[in-house]
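For reference, input_8.pdb is printed below; it contains PDB, C-alpha atoms.
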ATOM      1  CA  MET A   1       4.875 -95.725 106.881
ATOM      2  CA  ASN A   2       3.031 -93.112 104.853
ATOM      3  CA  SER A   3       1.326 -93.844 101.540
ATOM      4  CA  LYS A   4       4.032 -92.069  99.543
ATOM      5  CA  THR A   5       6.828 -94.228 100.996
ATOM      6  CA  ARG A   6       4.745 -97.394 100.470
ATOM      7  CA  PHE A   7       4.164 -96.398  96.849
ATOM      8  CA  HIS A   8       7.900 -95.965  96.173
ATOM      9  CA  LYS A   9       8.697 -99.362  97.740
ATOM     10  CA  ILE A  10       6.052-101.094  95.645
ATOM     11  CA  LYS A  11       7.395 -99.319  92.572
ATOM     12  CA  LYS A  12      10.956-100.528  93.287
ATOM     13  CA  VAL A  13       9.776-104.122  93.803
ATOM     14  CA  ASN A  14       7.797-104.064  90.564
ATOM     15  CA  LEU A  15      10.766-102.583  88.714
ATOM     16  CA  PHE A  16      13.034-105.343  90.065
ATOM     17  CA  ILE A  17      10.568-108.041  88.983
ATOM     18  CA  LEU A  18      10.339-106.453  85.531
ATOM     19  CA  ILE A  19      14.155-106.457  85.164
ATOM     20  CA  VAL A  20      14.354-110.139  86.178
ATOM     21  CA  VAL A  21      11.638-111.064  83.680
ATOM     22  CA  LEU A  22      13.333-109.118  80.882
ATOM     23  CA  LEU A  23      16.737-110.682  81.601
ATOM     24  CA  SER A  24      15.232-114.174  81.680
ATOM     25  CA  SER A  25      13.475-113.520  78.390
ATOM     26  CA  ALA A  26      16.688-112.219  76.827
ATOM     27  CA  ILE A  27      18.659-115.296  77.934
ATOM     28  CA  PHE A  28      15.930-117.607  76.648
ATOM     29  CA  TYR A  29      15.817-115.738  73.342
ATOM     30  CA  CYS A  30      19.617-115.859  72.902
ATOM     31  CA  ASN A  31      19.698-119.595  73.602
ATOM     32  CA  LYS A  32      16.836-120.143  71.182
ATOM     33  CA  VAL A  33      18.481-118.050  68.460
ATOM     34  CA  SER A  34      21.789-119.888  68.975
ATOM     35  CA  ALA A  35      20.099-123.277  68.694
ATOM     36  CA  GLU A  36      18.234-122.167  65.570
ATOM     37  CA  THR A  37      21.238-120.567  63.846
ATOM     38  CA  SER A  38      21.442-121.847  60.291
ATOM     39  CA  ILE A  39      24.606-123.762  59.383
ATOM     40  CA  GLN A  40      25.799-125.959  56.549
ATOM     41  CA  TYR A  41      27.774-129.194  56.583
ATOM     42  CA  TRP A  42      28.973-131.842  54.156
ATOM     43  CA  ASP A  43      26.825-134.976  54.347
ATOM     44  CA  LYS A  44      29.013-138.003  53.594
ATOM     45  CA  ASN A  45      25.988-140.186  52.864
ATOM     46  CA  THR A  46      24.596-137.983  50.110
ATOM     47  CA  ASN A  47      27.856-136.230  49.142
ATOM     48  CA  LYS A  48      26.014-132.943  49.297
ATOM     49  CA  ILE A  49      26.066-129.762  51.350
ATOM     50  CA  VAL A  50      23.131-129.796  53.767
ATOM     51  CA  THR A  51      21.602-126.764  55.485
ATOM     52  CA  THR A  52      20.301-127.275  59.012
ATOM     53  CA  THR A  53      20.381-125.650  62.467
ATOM     54  CA  GLU A  54      23.125-125.856  65.084
ATOM     55  CA  LYS A  55      20.775-127.770  67.371
ATOM     56  CA  LYS A  56      19.927-130.426  64.777
ATOM     57  CA  PHE A  57      23.551-130.699  63.689
ATOM     58  CA  LEU A  58      24.779-131.314  67.250
ATOM     59  CA  GLN A  59      21.898-133.732  67.865
ATOM     60  CA  LYS A  60      22.908-135.695  64.771
ATOM     61  CA  TYR A  61      26.336-136.402  66.271
ATOM     62  CA  GLY A  62      25.182-136.755  69.871
ATOM     63  CA  PHE A  63      26.735-133.569  71.253
ATOM     64  CA  TYR A  64      23.713-131.336  71.787
ATOM     65  CA  LYS A  65      23.900-129.675  75.222
ATOM     66  CA  LYS A  66      27.297-131.333  75.763
ATOM     67  CA  LYS A  67      30.307-129.366  76.961
ATOM     68  CA  THR A  68      32.631-128.167  74.227
ATOM     69  CA  PHE A  69      35.987-129.954  74.124
ATOM     70  CA  TYR A  70      37.670-126.832  72.772
ATOM     71  CA  LYS A  71      36.905-123.286  71.645
ATOM     72  CA  GLY A  72      39.358-121.735  69.203
ATOM     73  CA  TYR A  73      39.921-118.049  68.512
ATOM     74  CA  ASP A  74      41.687-116.253  65.683
ATOM     75  CA  ASP A  75      44.383-113.593  66.058
ATOM     76  CA  LYS A  76      41.721-110.886  66.488
ATOM     77  CA  GLY A  77      40.145-112.696  69.434
ATOM     78  CA  LYS A  78      37.088-113.708  67.408
ATOM     79  CA  LEU A  79      35.531-117.127  68.027
ATOM     80  CA  ALA A  80      36.591-119.236  65.041
ATOM     81  CA  VAL A  81      35.597-122.783  65.994
ATOM     82  CA  GLU A  82      33.707-124.810  68.584
ATOM     83  CA  PHE A  83      34.848-128.420  68.797
ATOM     84  CA  TYR A  84      33.074-131.334  70.477
ATOM     85  CA  PHE A  85      35.053-134.533  70.941
ATOM     86  CA  ASP A  86      34.930-137.840  72.814
ATOM     87  CA  GLU A  87      38.477-139.099  73.396
ATOM     88  CA  LYS A  88      37.254-142.632  74.146
ATOM     89  CA  THR A  89      35.374-143.124  70.883
ATOM     90  CA  LYS A  90      37.646-140.770  68.893
ATOM     91  CA  LYS A  91      34.530-139.229  67.401
ATOM     92  CA  GLY A  92      33.467-135.628  67.375
ATOM     93  CA  CYS A  93      32.091-132.710  65.446
ATOM     94  CA  GLY A  94      32.455-128.978  65.336
ATOM     95  CA  ILE A  95      31.299-125.725  63.843
ATOM     96  CA  SER A  96      33.593-123.265  62.110
ATOM     97  CA  TYR A  97      32.632-119.608  62.494
ATOM     98  CA  TYR A  98      35.703-118.272  60.720
ATOM     99  CA  TYR A  99      34.036-117.700  57.368
ATOM    100  CA  SER A 100      30.896-115.755  56.469
ATOM    101  CA  ASN A 101      28.578-118.711  57.094
ATOM    102  CA  PRO A 102      28.960-121.241  59.950
ATOM    103  CA  PHE A 103      30.008-124.633  58.596
ATOM    104  CA  GLY A 104      29.790-127.921  60.494
ATOM    105  CA  PHE A 105      32.273-130.767  60.275
ATOM    106  CA  GLU A 106      32.641-134.316  61.557
ATOM    107  CA  ILE A 107      35.619-136.088  63.136
ATOM    108  CA  ASP A 108      35.560-139.891  63.128
ATOM    109  CA  SER A 109      39.257-140.607  63.738
ATOM    110  CA  TYR A 110      42.601-138.888  64.200
ATOM    111  CA  GLN A 111      46.155-139.260  63.006
ATOM    112  CA  THR A 112      49.201-139.259  65.273
ATOM    113  CA  GLN A 113      52.401-137.258  65.172
ATOM    114  CA  LYS A 114      55.470-137.840  67.344
ATOM    115  CA  LYS A 115      57.298-134.594  66.729
ATOM    116  CA  PHE A 116      56.150-131.068  67.429
ATOM    117  CA  THR A 117      58.323-128.625  65.511
ATOM    118  CA  TYR A 118      56.357-125.409  65.972
ATOM    119  CA  GLU A 119      58.089-124.057  69.082
ATOM    120  CA  LYS A 120      58.544-120.297  69.106
ATOM    121  CA  TYR A 121      62.116-120.174  67.772
ATOM    122  CA  SER A 122      61.910-123.231  65.556
ATOM    123  CA  LEU A 123      63.122-122.471  62.039
ATOM    124  CA  MET A 124      61.018-125.263  60.574
ATOM    125  CA  PRO A 125      58.008-124.295  58.442
ATOM    126  CA  ILE A 126      54.591-125.734  59.288
ATOM    127  CA  MET A 127      54.002-129.012  57.495
ATOM    128  CA  ASN A 128      51.707-131.862  58.491
ATOM    129  CA  ASP A 129      54.356-134.169  57.098
ATOM    130  CA  THR A 130      57.194-133.683  59.601
ATOM    131  CA  LYS A 131      59.628-135.368  57.202
ATOM    132  CA  PHE A 132      59.552-132.192  55.099
ATOM    133  CA  ASN A 133      62.770-130.256  55.575
ATOM    134  CA  PRO A 134      63.784-127.472  53.154
ATOM    135  CA  TYR A 135      67.269-127.460  54.629
ATOM    136  CA  THR A 136      68.090-130.922  53.298
ATOM    137  CA  GLU A 137      67.653-129.878  49.673
ATOM    138  CA  ASP A 138      70.693-129.792  47.419
ATOM    139  CA  ILE A 139      71.216-126.018  47.455
ATOM    140  CA  LEU A 140      74.357-124.300  46.182
ATOM    141  CA  ASN A 141      75.889-121.251  47.926
ATOM    142  CA  TYR A 142      73.593-121.814  50.893
ATOM    143  CA  LYS A 143      73.677-118.958  53.441
ATOM    144  CA  GLU A 144      71.754-117.962  56.551
ATOM    145  CA  GLU A 145      71.256-114.527  58.081
ATOM    146  CA  LYS A 146      69.713-113.642  61.436
ATOM    147  CA  THR A 147      68.739-110.172  62.627
ATOM    148  CA  TYR A 148      68.336-109.376  66.311
ATOM    149  CA  LYS A 149      66.888-106.452  68.236
ATOM    150  CA  PHE A 150      66.880-105.527  71.913
ATOM    151  CA  ILE A 151      63.324-105.658  73.272
ATOM    152  CA  ASN A 152      62.697-105.333  77.002
ATOM    153  CA  LYS A 153      66.460-105.451  77.653
ATOM    154  CA  LYS A 154      66.935-108.775  75.868
ATOM    155  CA  GLN A 155      68.168-109.602  72.396
ATOM    156  CA  ARG A 156      65.359-111.088  70.294
ATOM    157  CA  LEU A 157      65.438-112.736  66.894
ATOM    158  CA  ILE A 158      63.305-110.602  64.574
ATOM    159  CA  ASN A 159      64.250-111.995  61.162
ATOM    160  CA  TYR A 160      65.712-115.161  59.722
ATOM    161  CA  THR A 161      66.509-115.599  56.025
ATOM    162  CA  SER A 162      68.195-118.429  54.167
ATOM    163  CA  THR A 163      69.302-118.075  50.546
ATOM    164  CA  GLY A 164      70.899-120.228  47.880
ATOM    165  CA  ILE A 165      70.810-121.416  44.294
ATOM    166  CA  ILE A 166      68.092-123.977  43.637
ATOM    167  CA  SER A 167      68.516-124.100  39.862
ATOM    168  CA  GLY A 168      70.384-122.056  37.283
ATOM    169  CA  ASP A 169      72.630-119.237  38.535
ATOM    170  CA  GLU A 170      70.190-117.029  40.447
ATOM    171  CA  THR A 171      70.321-116.785  44.238
ATOM    172  CA  GLU A 172      66.863-117.079  45.794
ATOM    173  CA  LYS A 173      65.323-116.898  49.238
ATOM    174  CA  ILE A 174      64.771-120.378  50.619
ATOM    175  CA  VAL A 175      63.020-119.640  53.914
ATOM    176  CA  ALA A 176      62.173-116.250  55.442
ATOM    177  CA  MET A 177      60.736-115.673  58.918
ATOM    178  CA  ASP A 178      59.681-112.479  60.689
ATOM    179  CA  PHE A 179      59.107-112.468  64.455
ATOM    180  CA  SER A 180      56.892-109.930  66.278
ATOM    181  CA  TYR A 181      57.030-109.235  70.024
ATOM    182  CA  GLY A 182      55.083-107.332  72.626
ATOM    183  CA  LYS A 183      56.613-104.608  74.788
ATOM    184  CA  ASN A 184      57.287-107.242  77.453
ATOM    185  CA  GLY A 185      59.475-109.134  74.989
ATOM    186  CA  LYS A 186      57.121-112.080  74.576
ATOM    187  CA  LEU A 187      56.587-113.504  71.115
ATOM    188  CA  ILE A 188      53.252-112.554  69.533
ATOM    189  CA  SER A 189      53.518-113.929  66.009
ATOM    190  CA  LYS A 190      55.798-115.468  63.419
ATOM    191  CA  ASN A 191      55.350-115.111  59.655
ATOM    192  CA  ILE A 192      56.944-117.757  57.457
ATOM    193  CA  THR A 193      57.552-117.904  53.710
ATOM    194  CA  VAL A 194      59.042-120.950  51.981
ATOM    195  CA  ASN A 195      60.276-120.977  48.392
ATOM    196  CA  SER A 196      57.523-122.670  46.371
ATOM    197  CA  ASN A 197      60.133-124.340  44.144
ATOM    198  CA  ILE A 198      60.929-126.480  47.184
ATOM    199  CA  SER A 199      57.625-126.774  49.015
ATOM    200  CA  GLY A 200      55.097-126.239  46.252
ATOM    201  CA  SER A 201      52.162-123.977  47.075
ATOM    202  CA  TYR A 202      51.041-126.081  50.046
ATOM    203  CA  ARG A 203      51.756-124.003  53.176
ATOM    204  CA  SER A 204      54.206-121.857  51.231
ATOM    205  CA  SER A 205      53.323-119.053  53.637
ATOM    206  CA  SER A 206      52.064-119.221  57.210
ATOM    207  CA  ALA A 207      51.330-116.921  60.132
ATOM    208  CA  ILE A 208      51.571-118.421  63.634
ATOM    209  CA  TYR A 209      50.164-116.681  66.709
ATOM    210  CA  TYR A 210      51.312-117.285  70.285
ATOM    211  CA  ASP A 211      49.567-117.099  73.654
ATOM    212  CA  LYS A 212      50.791-115.565  76.922
ATOM    213  CA  LEU A 213      52.916-118.657  77.570
ATOM    214  CA  GLU A 214      54.469-118.199  74.103
ATOM    215  CA  ARG A 215      52.832-121.362  72.805
ATOM    216  CA  PRO A 216      51.288-121.410  69.329
ATOM    217  CA  TYR A 217      47.504-121.302  69.665
ATOM    218  CA  TYR A 218      46.448-120.538  66.095
ATOM    219  CA  SER A 219      47.985-120.434  62.634
ATOM    220  CA  LYS A 220      46.835-119.727  59.118
ATOM    221  CA  SER A 221      48.562-121.067  56.008
ATOM    222  CA  TYR A 222      48.174-120.613  52.277
ATOM    223  CA  VAL A 223      47.024-123.341  49.888
ATOM    224  CA  THR A 224      45.902-122.859  46.293
ATOM    225  CA  HIS A 225      42.283-123.863  46.932
ATOM    226  CA  GLY A 226      41.829-121.663  50.021
ATOM    227  CA  SER A 227      43.521-121.700  53.407
ATOM    228  CA  LEU A 228      44.476-123.978  56.274
ATOM    229  CA  LEU A 229      43.622-123.035  59.853
ATOM    230  CA  ASP A 230      45.420-124.800  62.707
ATOM    231  CA  PHE A 231      44.166-124.720  66.292
ATOM    232  CA  TYR A 232      46.481-126.019  69.015
ATOM    233  CA  ILE A 233      44.705-127.748  71.895
ATOM    234  CA  TYR A 234      46.615-127.927  75.191
ATOM    235  CA  ASN A 235      46.080-129.761  78.438
ATOM    236  CA  GLY A 236      46.543-127.084  81.088
ATOM    237  CA  ASN A 237      49.933-125.357  80.942
ATOM    238  CA  SER A 238      51.625-128.094  78.927
ATOM    239  CA  LYS A 239      54.193-126.755  76.460
ATOM    240  CA  ILE A 240      53.245-129.362  73.865
ATOM    241  CA  PRO A 241      49.669-129.512  72.532
ATOM    242  CA  SER A 242      47.630-132.666  72.967
ATOM    243  CA  TYR A 243      45.930-132.173  69.608
ATOM    244  CA  ILE A 244      46.108-129.983  66.527
ATOM    245  CA  LEU A 245      42.804-129.357  64.773
ATOM    246  CA  THR A 246      43.343-128.389  61.131
ATOM    247  CA  LEU A 247      40.473-126.966  59.101
ATOM    248  CA  ASP A 248      41.051-127.061  55.356
ATOM    249  CA  ASP A 249      38.896-124.516  53.546
ATOM    250  CA  ASN A 250      38.240-126.024  50.126
ATOM    251  CA  LEU A 251      36.154-123.442  48.276
ATOM    252  CA  GLY A 252      33.956-122.911  51.324
ATOM    253  CA  VAL A 253      33.711-126.571  52.358
ATOM    254  CA  ILE A 254      35.554-127.360  55.607
ATOM    255  CA  ASN A 255      37.598-130.562  55.633
ATOM    256  CA  PRO A 256      38.898-131.282  59.156
ATOM    257  CA  VAL A 257      41.979-133.211  60.242
ATOM    258  CA  LEU A 258      42.656-133.953  63.909
ATOM    259  CA  THR A 259      46.230-134.796  64.866
ATOM    260  CA  LYS A 260      47.136-136.253  68.252
ATOM    261  CA  ILE A 261      50.652-135.384  69.433
ATOM    262  CA  THR A 262      52.234-138.426  71.043
ATOM    263  CA  LYS A 263      55.207-138.199  73.386
TER     264      LYS A 263
END
Written form, structure tokens:
Amino acid sequence: MNSKTRFHKIKKVNLFILIVVLLSSAIFYCNKVSAETSIQYWDKNTNKIVTTTEKKFLQKYGFYKKKTFYKGYDDKGKLAVEFYFDEKTKKGCGISYYYSNPFGFEIDSYQTQKKFTYEKYSLMPIMNDTKFNPYTEDILNYKEEKTYKFINKKQRLINYTSTGIISGDETEKIVAMDFSYGKNGKLISKNITVNSNISGSYRSSSAIYYDKLERPYYSKSYVTHGSLLDFYIYNGNSKIPSYILTLDDNLGVINPVLTKITK
């Protein structure tokens, strides 16, 4: 082996070592930055918003370096929430990344719900209270209209509208829904509007987004003080979610509600 060949081999080895060192440093730096990312959360003991780091926040609730129970994404594919949860103790915590600043939240219990009415062609609006039903109201001249369109050789429901007289003589929209599909005919999203004279402002409009199995995975609803984000947590390919994590944005403060769907 001549000196020139030996030099090139040594150069390649040194370059490889340098790349490994740089990659290791980058990974270490990213982990450090992530752990030191500044977040806020509502401290129940002091009734104040506290600023801390992700590491300290997760340490406080015993989930630092623990595996996430669920990661939720919005309709743009952006990470919106990381949720840590112990099903045995029913306790957990999470960090919402949906808004401009990460905000931590605590879960110390959950509510239960027997019915799941958010299937893809359900004409029921999203309500945490499943007893809510706009179709049971005393509405005069009640009518329903459905519009269909052929997509991928099958007829798909693209619009549903119900109308009637709630008060006085004027006919109003009661519930309106618009369905969007991909080229393969699978449902992508459903937009819902409910007459506020029936529902009030709470969830008077909602947008639900569906995964490849046409299951709702994320929804966003209107409330007067901000918005409600729902994340649907499934066990494998189950059609019904095991949990629904609702994040209530109240002027920048995240109030979480975890709902367990019972069969």
- Quick one: pull the distance between CA of Phe179 (chain A) and CA of Asp75 (chain A), Å, one decimal. 14.9 Å
- Query: Nearest to Lys149 (chain A) among A:Ser38, A:Ser180, A:Leu123, A:Thr163, with distances taken over only C-alpha atoms: which residue is it?
  - Reply: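 Nearest to Lys149 (chain A): A:Ser180.
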Return the padded bounding box of region 99-118 of chain A as AutoDock Vina command-line options: axis-aligned, built from all atoms listed in the file, 6 Å added on each side, with centre and edge lengths in Å to one decimal.
--center_x 43.5 --center_y -128.2 --center_z 61.9 --size_x 41.7 --size_y 36.9 --size_z 23.0
- Quick one: apply the PyMOL selection byres ((chain A and resi 44) around 12) to the file and drop the selected residues here as an NGL selection string. :A and (41-43 or 45-50 or 105-108 or 255)
Output of the PyMOL selection byres ((chain A and resi 172) around 12), listed as a PDB file with C-alpha atoms, keeping the file's coordinate frame:
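Output below, filename selection_38.pdb:
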ATOM      1  CA  ILE A 139      71.216-126.018  47.455  1.00  0.00           C
ATOM      2  CA  LEU A 140      74.357-124.300  46.182  1.00  0.00           C
ATOM      3  CA  ASN A 141      75.889-121.251  47.926  1.00  0.00           C
ATOM      4  CA  TYR A 142      73.593-121.814  50.893  1.00  0.00           C
ATOM      5  CA  LYS A 143      73.677-118.958  53.441  1.00  0.00           C
ATOM      6  CA  GLU A 144      71.754-117.962  56.551  1.00  0.00           C
ATOM      7  CA  THR A 161      66.509-115.599  56.025  1.00  0.00           C
ATOM      8  CA  SER A 162      68.195-118.429  54.167  1.00  0.00           C
ATOM      9  CA  THR A 163      69.302-118.075  50.546  1.00  0.00           C
ATOM     10  CA  GLY A 164      70.899-120.228  47.880  1.00  0.00           C
ATOM     11  CA  ILE A 165      70.810-121.416  44.294  1.00  0.00           C
ATOM     12  CA  ILE A 166      68.092-123.977  43.637  1.00  0.00           C
ATOM     13  CA  SER A 167      68.516-124.100  39.862  1.00  0.00           C
ATOM     14  CA  GLY A 168      70.384-122.056  37.283  1.00  0.00           C
ATOM     15  CA  ASP A 169      72.630-119.237  38.535  1.00  0.00           C
ATOM     16  CA  GLU A 170      70.190-117.029  40.447  1.00  0.00           C
ATOM     17  CA  THR A 171      70.321-116.785  44.238  1.00  0.00           C
ATOM     18  CA  LYS A 173      65.323-116.898  49.238  1.00  0.00           C
ATOM     19  CA  ILE A 174      64.771-120.378  50.619  1.00  0.00           C
ATOM     20  CA  VAL A 175      63.020-119.640  53.914  1.00  0.00           C
ATOM     21  CA  ALA A 176      62.173-116.250  55.442  1.00  0.00           C
ATOM     22  CA  VAL A 194      59.042-120.950  51.981  1.00  0.00           C
ATOM     23  CA  ASN A 195      60.276-120.977  48.392  1.00  0.00           C
ATOM     24  CA  SER A 196      57.523-122.670  46.371  1.00  0.00           C
ATOM     25  CA  ASN A 197      60.133-124.340  44.144  1.00  0.00           C
ATOM     26  CA  ILE A 198      60.929-126.480  47.184  1.00  0.00           C
TER      27      ILE A 198
END
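Counting only C-alpha atoms and comparing A:Asp249, A:Asp86, A:Glu145, A:Glu54, the residue that lies closest to Ser227 (chain A) is A:Asp249.
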Given the file shown, determine the residues that the PyMOL selection byres ((chain A and resi 98) around 10) selects; report them as a PDB file with C-alpha atoms, in the coordinates of the input.
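Output saved as out-v3.pdb:
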ATOM      1  CA  GLY A  72      39.358-121.735  69.203  1.00  0.00           C
ATOM      2  CA  TYR A  73      39.921-118.049  68.512  1.00  0.00           C
ATOM      3  CA  ASP A  74      41.687-116.253  65.683  1.00  0.00           C
ATOM      4  CA  LYS A  78      37.088-113.708  67.408  1.00  0.00           C
ATOM      5  CA  LEU A  79      35.531-117.127  68.027  1.00  0.00           C
ATOM      6  CA  ALA A  80      36.591-119.236  65.041  1.00  0.00           C
ATOM      7  CA  VAL A  81      35.597-122.783  65.994  1.00  0.00           C
ATOM      8  CA  ILE A  95      31.299-125.725  63.843  1.00  0.00           C
ATOM      9  CA  SER A  96      33.593-123.265  62.110  1.00  0.00           C
ATOM     10  CA  TYR A  97      32.632-119.608  62.494  1.00  0.00           C
ATOM     11  CA  TYR A  99      34.036-117.700  57.368  1.00  0.00           C
ATOM     12  CA  SER A 100      30.896-115.755  56.469  1.00  0.00           C
ATOM     13  CA  ASN A 101      28.578-118.711  57.094  1.00  0.00           C
ATOM     14  CA  PRO A 102      28.960-121.241  59.950  1.00  0.00           C
ATOM     15  CA  PHE A 103      30.008-124.633  58.596  1.00  0.00           C
ATOM     16  CA  LEU A 229      43.622-123.035  59.853  1.00  0.00           C
TER      17      LEU A 229
END
- Two-atom distance - CA of Leu187 (chain A), CA of Lys154 (chain A) (Å):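 Separation between CA of Leu187 (chain A) and CA of Lys154 (chain A): 12.3 Å.
Coordinates place CA of Met124 (chain A) at a distance of 16.0 Å from CA of Tyr222 (chain A).
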- Can you pull out every residue within 9 Å of Ser109 (chain A), counting only C-alpha atoms, but drop anything in the same chain fewer than 6 positions away, and send it as a ChimeraX atom specification? /A:89-92,257-258
- Considering all atoms listed in the file, state which residue in the set A:Asn184, A:Gln111, A:Ser206, A:Ser122 is at the smallest distance from Leu157 (chain A).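 The closest residue to Leu157 (chain A) is A:Ser122.
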- Query: Quick one: residues within 7 Å of Thr262 (chain A), only C-alpha atoms counted, chain neighbours fewer than 2 positions away excluded, as a ChimeraX atom specification?
  - Reply: /A:112-114,260
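Nearest to Gln59 (chain A) of all the residues A:Gly94, A:Gly77, A:Ser199, A:Lys183 is A:Gly94, counting all atoms listed in the file.
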Would you kindly return, as a JSON list (two decimals) with C-alpha atoms, in the coordinates of the input, each protein, DNA or RNA residue with an atom no farther than 12 Å from any atom of Tyr234 (chain A), considering all atoms listed in the file and excluding same-chain residues fewer than 2 positions away?
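See around-v7.json below for the written result:
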[["chain", "number", "residue", "atom", "x", "y", "z"],
["A", 69, "PHE", "CA", 35.99, -129.95, 74.12],
["A", 70, "TYR", "CA", 37.67, -126.83, 72.77],
["A", 71, "LYS", "CA", 36.90, -123.29, 71.64],
["A", 72, "GLY", "CA", 39.36, -121.74, 69.20],
["A", 211, "ASP", "CA", 49.57, -117.10, 73.65],
["A", 213, "LEU", "CA", 52.92, -118.66, 77.57],
["A", 215, "ARG", "CA", 52.83, -121.36, 72.81],
["A", 216, "PRO", "CA", 51.29, -121.41, 69.33],
["A", 217, "TYR", "CA", 47.50, -121.30, 69.67],
["A", 218, "TYR", "CA", 46.45, -120.54, 66.10],
["A", 231, "PHE", "CA", 44.17, -124.72, 66.29],
["A", 232, "TYR", "CA", 46.48, -126.02, 69.02],
["A", 236, "GLY", "CA", 46.54, -127.08, 81.09],
["A", 237, "ASN", "CA", 49.93, -125.36, 80.94],
["A", 238, "SER", "CA", 51.62, -128.09, 78.93],
["A", 239, "LYS", "CA", 54.19, -126.76, 76.46],
["A", 240, "ILE", "CA", 53.24, -129.36, 73.86],
["A", 241, "PRO", "CA", 49.67, -129.51, 72.53],
["A", 242, "SER", "CA", 47.63, -132.67, 72.97],
["A", 243, "TYR", "CA", 45.93, -132.17, 69.61],
["A", 244, "ILE", "CA", 46.11, -129.98, 66.53],
["A", 245, "LEU", "CA", 42.80, -129.36, 64.77],
["A", 260, "LYS", "CA", 47.14, -136.25, 68.25],
["A", 261, "ILE", "CA", 50.65, -135.38, 69.43]]
